[in-house]
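*Asks:* What follows is target25.cif; its format and atoms are mmCIF, C-alpha atoms.
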data_input
loop_
_atom_site.label_atom_id
_atom_site.label_comp_id
_atom_site.auth_asym_id
_atom_site.auth_seq_id
_atom_site.Cartn_x
_atom_site.Cartn_y
_atom_site.Cartn_z
CA MET R 989 5.23 -13.32 -10.27
CA SER R 990 4.01 -10.16 -12.07
CA LEU R 991 5.32 -6.87 -10.71
CA ILE R 992 2.33 -4.96 -12.13
CA SER R 993 0.11 -3.60 -9.39
CA ASN R 994 -3.47 -4.81 -9.31
CA ALA R 995 -4.40 -2.94 -6.15
CA SER R 996 -7.96 -1.65 -5.96
CA PRO R 997 -8.47 2.10 -5.54
CA VAL R 998 -10.74 1.10 -2.66
CA GLY R 999 -8.66 -0.57 0.03
CA PHE R 1000 -9.12 -1.20 3.73
CA GLY R 1001 -7.13 0.51 6.47
CA THR R 1002 -5.98 -1.41 9.53
CA ALA R 1003 -4.70 1.30 11.89
CA ALA R 1004 -5.83 1.39 15.52
CA LEU R 1005 -7.87 -1.80 15.43
CA GLY R 1006 -6.24 -3.15 18.58
CA ALA R 1007 -7.10 -6.68 19.69
CA GLN R 1008 -9.83 -6.85 17.04
CA CYS R 1009 -7.39 -6.48 14.15
CA ALA R 1010 -7.38 -10.09 12.90
CA SER R 1011 -11.14 -10.53 13.14
CA VAL R 1012 -11.85 -7.16 11.50
CA VAL R 1013 -9.49 -7.89 8.58
CA TYR R 1014 -11.13 -11.30 8.15
CA THR R 1015 -14.56 -9.63 8.05
CA ALA R 1016 -13.28 -7.15 5.45
CA LEU R 1017 -12.04 -10.05 3.32
CA GLN R 1018 -15.47 -11.68 3.55
CA ALA R 1019 -17.02 -8.38 2.45
CA GLY R 1020 -14.86 -8.35 -0.69
CA PHE R 1021 -11.84 -6.24 0.20
CA ARG R 1022 -8.58 -7.47 -1.31
CA THR R 1023 -6.36 -4.40 -0.83
CA PHE R 1024 -5.10 -3.65 2.68
CA ASP R 1025 -2.98 -0.94 4.25
CA THR R 1026 -0.81 -1.57 7.29
CA ALA R 1027 2.59 -0.52 8.66
CA GLU R 1028 5.49 -1.59 10.83
CA ALA R 1029 4.84 1.03 13.54
CA GLU R 1030 3.60 -1.00 16.49
CA TYR R 1031 0.96 0.49 18.78
CA TRP R 1032 -0.92 1.79 15.76
CA TYR R 1033 -0.60 -1.32 13.61
CA ASP R 1034 -0.38 -5.10 14.04
CA GLN R 1035 1.14 -6.67 10.93
CA LYS R 1036 1.23 -10.12 12.51
CA ALA R 1037 -2.54 -10.05 13.06
CA VAL R 1038 -3.15 -8.82 9.51
CA GLY R 1039 -0.98 -11.62 8.11
CA GLN R 1040 -2.79 -14.22 10.24
CA ALA R 1041 -6.19 -13.05 9.02
CA LEU R 1042 -5.07 -13.09 5.38
CA GLU R 1043 -3.62 -16.59 5.72
CA ARG R 1044 -6.73 -17.91 7.45
CA PHE R 1045 -9.03 -16.53 4.75
CA PHE R 1046 -7.00 -17.83 1.81
CA THR R 1047 -6.41 -21.21 3.44
CA GLU R 1048 -10.17 -21.59 3.92
CA LEU R 1049 -11.10 -20.72 0.35
CA PRO R 1050 -13.15 -23.61 -1.06
CA GLU R 1051 -11.29 -25.90 -3.47
CA CYS R 1052 -8.08 -23.95 -2.93
CA GLU R 1053 -5.21 -26.31 -3.64
CA ASP R 1054 -2.59 -23.68 -4.44
CA ILE R 1055 -2.58 -20.69 -2.09
CA ALA R 1056 0.08 -18.83 -4.08
CA THR R 1057 -2.12 -18.94 -7.18
CA ALA R 1058 -5.19 -17.95 -5.15
CA CYS R 1059 -3.41 -14.88 -3.78
CA TYR R 1060 -2.64 -13.82 -7.33
CA ASP R 1061 -6.04 -14.67 -8.82
CA GLU R 1062 -7.90 -12.90 -6.02
CA GLY R 1063 -5.83 -9.76 -6.55
CA LEU R 1064 -4.50 -9.65 -3.00
CA SER R 1065 -2.56 -6.41 -2.51
CA VAL R 1066 -0.95 -5.22 0.71
CA TYR R 1067 0.75 -1.94 1.58
CA SER R 1068 3.26 -1.56 4.39
CA LYS R 1069 5.40 1.30 5.66
CA ILE R 1070 8.80 1.64 7.28
CA PRO R 1071 8.78 4.08 10.22
CA PRO R 1072 11.28 6.96 10.39
CA TRP R 1073 13.25 5.47 13.30
CA GLU R 1074 14.15 2.52 11.07
CA LEU R 1075 15.66 4.77 8.38
CA THR R 1076 19.15 3.97 9.65
CA SER R 1077 20.79 2.42 6.56
CA ILE R 1078 19.97 1.23 3.07
CA GLU R 1079 20.53 -2.34 4.25
CA ASN R 1080 18.05 -1.93 7.10
CA ILE R 1081 15.39 -0.62 4.73
CA GLN R 1082 15.88 -3.71 2.56
CA SER R 1083 15.79 -5.98 5.59
CA ARG R 1084 12.63 -4.41 7.02
CA ALA R 1085 10.82 -4.73 3.70
CA LYS R 1086 11.71 -8.42 3.46
CA LYS R 1087 10.48 -9.02 7.01
CA SER R 1088 7.20 -7.23 6.33
CA GLN R 1089 6.63 -9.26 3.18
CA GLU R 1090 7.24 -12.49 5.09
CA THR R 1091 4.99 -11.49 7.99
CA LEU R 1092 2.12 -10.35 5.80
CA LEU R 1093 2.38 -12.47 2.67
CA GLY R 1094 4.84 -15.27 3.34
CA PHE R 1095 2.00 -17.79 3.05
CA CYS R 1096 1.50 -16.63 -0.57
CA ASN R 1097 5.10 -17.40 -1.58
CA GLU R 1098 5.45 -20.21 -4.09
CA ARG R 1099 7.43 -23.06 -2.54
CA ASP R 1100 8.99 -26.30 -3.73
CA GLU R 1101 6.67 -29.17 -2.81
CA ASN R 1102 9.49 -31.33 -1.56
CA SER R 1103 11.99 -29.02 0.11
CA GLY R 1104 9.68 -26.13 1.02
CA ALA R 1105 12.25 -23.74 -0.44
CA ILE R 1106 10.84 -20.48 -1.80
CA ILE R 1107 10.60 -20.51 -5.58
CA SER R 1108 9.11 -17.04 -5.94
CA VAL R 1109 8.10 -14.32 -3.51
CA PHE R 1110 4.62 -12.78 -3.54
CA PRO R 1111 5.63 -9.13 -3.07
CA LEU R 1112 4.00 -6.33 -1.16
CA ASP R 1113 2.09 -4.11 -3.54
CA THR R 1114 3.66 -0.93 -2.17
CA TYR R 1115 6.27 -0.21 0.50
CA PHE R 1116 6.21 3.33 1.85
CA ILE R 1117 8.42 5.54 3.93
CA HIS R 1118 5.87 6.23 6.68
CA ALA R 1119 7.38 9.66 7.38
CA PRO R 1120 10.76 11.18 6.47
CA HIS R 1121 11.56 12.07 10.08
CA CYS R 1122 10.17 11.91 13.60
CA TRP R 1123 8.40 14.75 15.33
CA LYS R 1124 7.51 14.94 18.98
CA GLY R 1125 4.25 13.25 19.84
CA TRP R 1126 3.92 11.39 16.54
CA HIS R 1127 4.81 8.03 18.10
CA ALA R 1128 6.33 6.77 21.34
CA GLN R 1129 9.49 5.89 19.39
CA CYS R 1130 9.89 9.53 18.38
CA VAL R 1131 11.65 11.16 21.32
CA ASN R 1132 14.30 13.60 20.11
CA GLY R 1133 13.33 14.04 16.47
CA ASP R 1134 16.67 12.73 15.19
CA GLU R 1135 15.75 9.05 15.02
CA ALA R 1136 15.90 8.94 11.21
CA LYS R 1137 19.62 8.71 10.46
CA LEU R 1138 19.31 8.97 6.68
CA SER R 1139 18.37 11.98 4.60
CA LEU R 1140 15.23 11.43 2.55
CA ARG R 1141 17.34 11.18 -0.62
CA LYS R 1142 19.56 8.51 0.92
CA ALA R 1143 16.52 6.64 2.24
CA TRP R 1144 15.01 6.72 -1.24
CA LEU R 1145 18.03 4.86 -2.60
CA GLY R 1146 17.18 2.10 -0.12
CA MET R 1147 13.56 2.10 -1.24
CA GLU R 1148 14.61 1.61 -4.86
CA GLN R 1149 16.55 -1.46 -3.75
CA VAL R 1150 13.36 -2.88 -2.22
CA VAL R 1151 11.85 -3.15 -5.70
CA ILE R 1152 15.06 -4.62 -7.11
CA ASP R 1153 15.02 -7.20 -4.28
CA GLY R 1154 11.45 -8.19 -5.22
CA SER R 1155 10.03 -7.40 -1.78
CA ALA R 1156 7.57 -4.89 -3.23
CA LYS R 1157 6.12 -4.06 -6.64
CA ARG R 1158 6.02 -0.35 -5.95
CA ILE R 1159 7.45 2.21 -3.54
CA GLY R 1160 6.03 5.38 -2.11
CA LEU R 1161 6.17 8.22 0.35
CA SER R 1162 3.82 9.30 3.13
CA ASN R 1163 3.47 12.33 5.37
CA VAL R 1164 5.82 14.48 3.30
CA ARG R 1165 5.69 18.17 2.53
CA GLU R 1166 5.28 19.40 -1.03
CA ASP R 1167 8.91 20.56 -1.15
CA GLU R 1168 10.13 17.14 0.05
CA LEU R 1169 8.20 15.36 -2.70
CA LYS R 1170 9.54 17.83 -5.27
CA ASP R 1171 13.09 17.19 -4.09
CA ILE R 1172 12.74 13.42 -4.53
CA ILE R 1173 11.29 13.97 -8.01
CA VAL R 1174 14.29 16.14 -8.93
CA PHE R 1175 16.68 13.62 -7.34
CA VAL R 1176 15.25 10.81 -9.48
CA GLN R 1177 15.18 12.91 -12.65
CA GLU R 1178 18.84 13.92 -12.25
CA ARG R 1179 19.95 10.32 -11.84
CA GLN R 1180 17.82 9.13 -14.75
CA LYS R 1181 19.42 11.77 -16.99
CA ASN R 1182 22.82 10.46 -15.91
CA GLY R 1183 21.88 6.96 -17.03
CA SER R 1184 20.84 5.33 -13.73
CA THR R 1185 18.74 2.25 -14.34
CA SER R 1186 17.65 1.96 -10.71
CA ALA R 1187 16.37 5.51 -10.27
CA ARG R 1188 12.61 5.27 -9.76
CA MET R 1189 9.92 7.87 -9.24
CA PRO R 1190 7.60 7.40 -6.27
CA ASP R 1191 4.75 5.24 -7.50
CA VAL R 1192 2.33 6.32 -4.77
CA LEU R 1193 1.95 9.14 -2.26
CA GLN R 1194 -0.10 8.28 0.83
CA GLN R 1195 -1.27 11.56 2.33
CA TYR R 1196 -4.02 13.02 4.48
CA SER R 1197 -6.88 14.48 2.48
CA ASP R 1198 -10.57 15.13 3.08
CA PRO R 1199 -13.18 17.56 1.66
CA LEU R 1200 -12.18 20.29 4.12
CA ARG R 1201 -8.44 19.84 3.60
CA PRO R 1202 -8.18 18.23 0.16
CA ALA R 1203 -4.39 18.61 -0.28
CA THR R 1204 -5.01 20.19 -3.67
CA ARG R 1205 -1.48 21.41 -4.45
CA ILE R 1206 0.31 18.16 -3.66
CA ARG R 1207 -2.38 16.20 -5.52
CA GLU R 1208 -1.74 18.36 -8.59
CA LEU R 1209 1.97 17.63 -8.27
CA CYS R 1210 1.23 13.91 -8.16
CA LYS R 1211 -0.95 14.19 -11.24
CA GLU R 1212 1.81 16.02 -13.13
CA PHE R 1213 4.31 13.22 -12.49
CA GLY R 1214 1.99 10.22 -12.70
CA ILE R 1215 2.10 9.46 -8.97
CA GLU R 1216 -0.97 7.75 -7.51
CA PHE R 1217 -2.52 9.73 -4.66
CA LEU R 1218 -3.70 7.47 -1.83
CA SER R 1219 -5.80 9.38 0.69
CA PHE R 1220 -5.95 8.48 4.35
CA SER R 1221 -8.36 9.91 6.97
CA THR R 1222 -10.62 10.79 4.02
CA LEU R 1223 -13.70 10.66 6.25
CA GLY R 1224 -12.55 13.45 8.55
CA THR R 1225 -11.09 11.42 11.40
CA GLN R 1226 -8.07 13.74 11.69
CA HIS R 1227 -10.36 16.55 12.82
CA SER R 1228 -12.03 14.35 15.43
CA MET R 1229 -8.68 13.12 16.76
CA GLN R 1230 -7.19 16.61 17.02
CA HIS R 1231 -10.18 18.49 18.40
CA ARG R 1232 -12.20 15.76 20.15
CA GLY R 1233 -15.43 17.15 18.75
CA ALA R 1234 -18.02 16.09 16.22
CA ASN R 1235 -16.58 15.06 12.86
CA PRO R 1236 -16.93 18.22 10.70
CA VAL R 1237 -16.79 16.20 7.47
CA LEU R 1238 -19.46 13.56 8.12
CA ASN R 1239 -21.62 16.12 9.95
CA ASN R 1240 -21.30 18.79 7.28
CA ASP R 1241 -24.69 20.04 6.04
CA VAL R 1242 -23.74 19.62 2.37
CA ILE R 1243 -22.61 16.03 2.92
CA LEU R 1244 -25.74 15.26 4.95
CA ARG R 1245 -28.05 16.68 2.26
CA LEU R 1246 -26.30 14.69 -0.47
CA ALA R 1247 -26.58 11.53 1.64
CA ASP R 1248 -30.34 12.09 1.83
CA LEU R 1249 -30.55 12.85 -1.88
CA TYR R 1250 -28.67 9.72 -2.96
CA GLU R 1251 -29.99 7.55 -0.10
CA ARG R 1252 -26.42 6.63 0.77
CA SER R 1253 -24.36 7.05 3.93
CA THR R 1254 -22.26 10.17 4.48
CA ALA R 1255 -19.15 7.96 4.30
CA GLU R 1256 -20.15 6.69 0.85
CA ILE R 1257 -20.73 10.26 -0.34
CA VAL R 1258 -17.27 11.40 0.77
CA LEU R 1259 -15.50 8.31 -0.62
CA SER R 1260 -17.27 8.67 -3.96
CA TRP R 1261 -16.10 12.30 -4.11
CA ALA R 1262 -12.52 11.20 -3.44
CA LEU R 1263 -12.60 8.47 -6.07
CA GLN R 1264 -14.10 10.82 -8.65
CA ARG R 1265 -11.36 13.32 -7.85
CA ASN R 1266 -8.73 10.69 -8.73
CA MET R 1267 -7.82 9.61 -5.22
CA SER R 1268 -7.49 6.06 -3.97
CA VAL R 1269 -8.89 5.46 -0.48
CA ILE R 1270 -8.32 3.18 2.52
CA PRO R 1271 -11.28 3.65 4.87
CA ARG R 1272 -11.58 1.48 7.96
CA SER R 1273 -14.19 0.41 10.48
CA SER R 1274 -14.45 -2.26 13.13
CA LYS R 1275 -18.22 -2.67 12.70
CA LYS R 1276 -19.46 -5.38 10.35
CA ASN R 1277 -22.35 -3.34 8.93
CA HIS R 1278 -20.07 -0.38 8.23
CA ILE R 1279 -17.47 -2.64 6.60
CA GLN R 1280 -20.16 -4.05 4.32
CA GLU R 1281 -21.30 -0.52 3.51
CA LEU R 1282 -17.77 0.59 2.66
CA SER R 1283 -17.32 -2.44 0.41
CA ASN R 1284 -20.05 -1.11 -1.89
CA LEU R 1285 -17.46 1.26 -3.32
CA ILE R 1286 -15.28 -1.67 -4.45
CA TYR R 1287 -17.89 -2.25 -7.13
CA GLU R 1288 -18.49 1.46 -7.81
CA GLN R 1289 -14.92 2.64 -8.30
CA ASP R 1290 -16.03 5.32 -10.76
CA GLY R 1291 -18.27 6.83 -8.09
CA PHE R 1292 -21.89 7.86 -8.35
CA LEU R 1293 -22.04 11.61 -7.73
CA ALA R 1294 -23.12 14.10 -10.39
CA GLU R 1295 -20.54 16.75 -11.30
CA GLU R 1296 -22.66 19.52 -9.79
CA HIS R 1297 -22.60 17.70 -6.47
CA LEU R 1298 -18.85 17.08 -6.69
CA LEU R 1299 -18.42 20.84 -7.07
CA LEU R 1300 -20.50 21.44 -3.95
CA ILE R 1301 -18.07 19.24 -2.01
CA ASP R 1302 -15.05 20.88 -3.67
CA ASN R 1303 -16.29 24.23 -2.38
CA LEU R 1304 -16.11 23.01 1.22
CA SER R 1305 -12.32 23.32 1.13
CA TRP R 1306 -10.65 25.40 3.84
CA GLU R 1307 -7.48 25.72 1.74
#
Can you dump the structure from the file as structure tokens?
*Replies:*
Amino acid sequence: MSLISNASPVGFGTAALGAQCASVVYTALQAGFRTFDTAEAEYWYDQKAVGQALERFFTELPECEDIATACYDEGLSVYSKIPPWELTSIENIQSRAKKSQETLLGFCNERDENSGAIISVFPLDTYFIHAPHCWKGWHAQCVNGDEAKLSLRKAWLGMEQVVIDGSAKRIGLSNVREDELKDIIVFVQERQKNGSTSARMPDVLQQYSDPLRPATRIRELCKEFGIEFLSFSTLGTQHSMQHRGANPVLNNDVILRLADLYERSTAEIVLSWALQRNMSVIPRSSKKNHIQELSNLIYEQDGFLAEEHLLLIDNLSWE
């Protein structure tokens, strides 16, 4: 199986979907999504439900005799993340990645027709460290803040093994500070200079970014080192969650005027801006009409906004 990523820059997020998770993911598949983001952190995510929806969809594909081939031909790509409280040993990182691959994509593995033994594994597209450490209130599992037993450098050694094991094509970081990303870059560079063949740069950074807080400096760092920037909460949901008020991104006057001008939704305007500013995105919705609307961007990955209108959105930054 090829270890080259074929993930779309327009994926679908699966956080906080609750009991609807499987049905929503199935609807997203019907709408054309083939790249999905999930994680091992229960309460927010349900990997079992995501895997069930993926298997149901691919099993039901017409004239599908070989699911493993269908997964490849359809460009199915799945991201997962190990939570900080599981950063206890290199071996545990490897084990968790293997379990996530089996839960999410085990049905895509190529198997011997007679024995059922696995011939080749269909890997996760990207396996992330969800966060380098716990902080109070981030998750119910984060109590004291010392749940991550490994330093980020030590944990990264485990992540590199995940690629060697074949559990994932790529590895990445999430929810890190700029200095933490820089330190991993230096760590990898030093080992590469010393002849390490396993030392690997982060392939992807999954980080919060929206027009008001566009994470400009860390995006520039990613660009410098060829790291894909995958934006989450691009549509301003972080503001709504933290302040319980109207979404200041989707209700911004500039965004609203551009939506009228282009006769597109405010979500499509913001996502086009992100794509045209070299971000990948993973929007989510539980509503069928919104999912269909979001899927329009799968076929417009270059975006549709004029440069003058991109600059208007750039100028909304609070940074």
*Asks:* Using the chain letters and residue numbers of this document, give as number ranges by chain the residues selected by the PyMOL selection byres ((chain R and resi 1115) around 12).
*Replies:* R: 1025-1028, 1065-1071, 1081-1082, 1084-1089, 1111-1114, 1116-1118, 1144, 1146-1151, 1154-1162, 1190-1194
*Asks:* Skipping near chain neighbours, those fewer than 2 positions away, what residues fall within 10 Å of region 1252-1259 of chain R using all atoms listed in the file, listed as JSON, numbers by chain?
*Replies:* {"R": [998, 1198, 1199, 1219, 1222, 1223, 1224, 1237, 1238, 1239, 1240, 1242, 1243, 1244, 1245, 1246, 1247, 1248, 1249, 1250, 1261, 1262, 1263, 1264, 1265, 1267, 1268, 1269, 1270, 1271, 1278, 1281, 1282, 1283, 1284, 1285, 1289, 1291, 1292, 1293, 1297, 1298, 1301]}
*Asks:* Which residue, R:Thr1015, R:Asn1097, R:Gln1129, R:Asn1102, has the smallest gap to Glu1074 (chain R) when you use all atoms listed in the file?
*Replies:*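 Looking at the shortest contact to Glu1074 (chain R), the residue is R:Gln1129.
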*Asks:* Mind pulling up the distance from CA of Cys1122 (chain R) to CA of Ala1136 (chain R)?
*Replies:* 6.9 Å
*Asks:* Contacts of Phe1045 (chain R) at 12 Å or less, counting only C-alpha atoms, minus same-chain residues fewer than 3 places along, as a list in words?
*Replies:*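 Listing them by chain and then by number gives Ala1010, Ser1011, Val1012, Val1013, Tyr1014, Thr1015, Ala1016, Leu1017, Gln1018, Ala1019, Gly1020, Phe1021, Arg1022, Val1038, Gly1039, Gln1040, Ala1041, Leu1042, Glu1048, Leu1049, Pro1050, Cys1052, Ile1055, Ala1058, Cys1059, Glu1062, Leu1064, Phe1095 and Cys1096 of chain R.
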*Asks:* List every residue of region 1124-1242 of chain R that has an atom at most 12 Å from any atom of region 1029-1033 of chain R, and for each one report the closest atom pair and its distance in Å to one decimal, counting only C-alpha atoms, with rows sorted by chain and then by increasing residue number, as CSV.
*Replies:*
residue,atom,partner,partner_atom,distance
R:Trp1126,CA,R:Trp1032,CA,10.8
R:His1127,CA,R:Ala1029,CA,8.4
R:Ala1128,CA,R:Tyr1031,CA,8.7
R:Gln1129,CA,R:Ala1029,CA,8.9
R:Cys1130,CA,R:Ala1029,CA,11.0
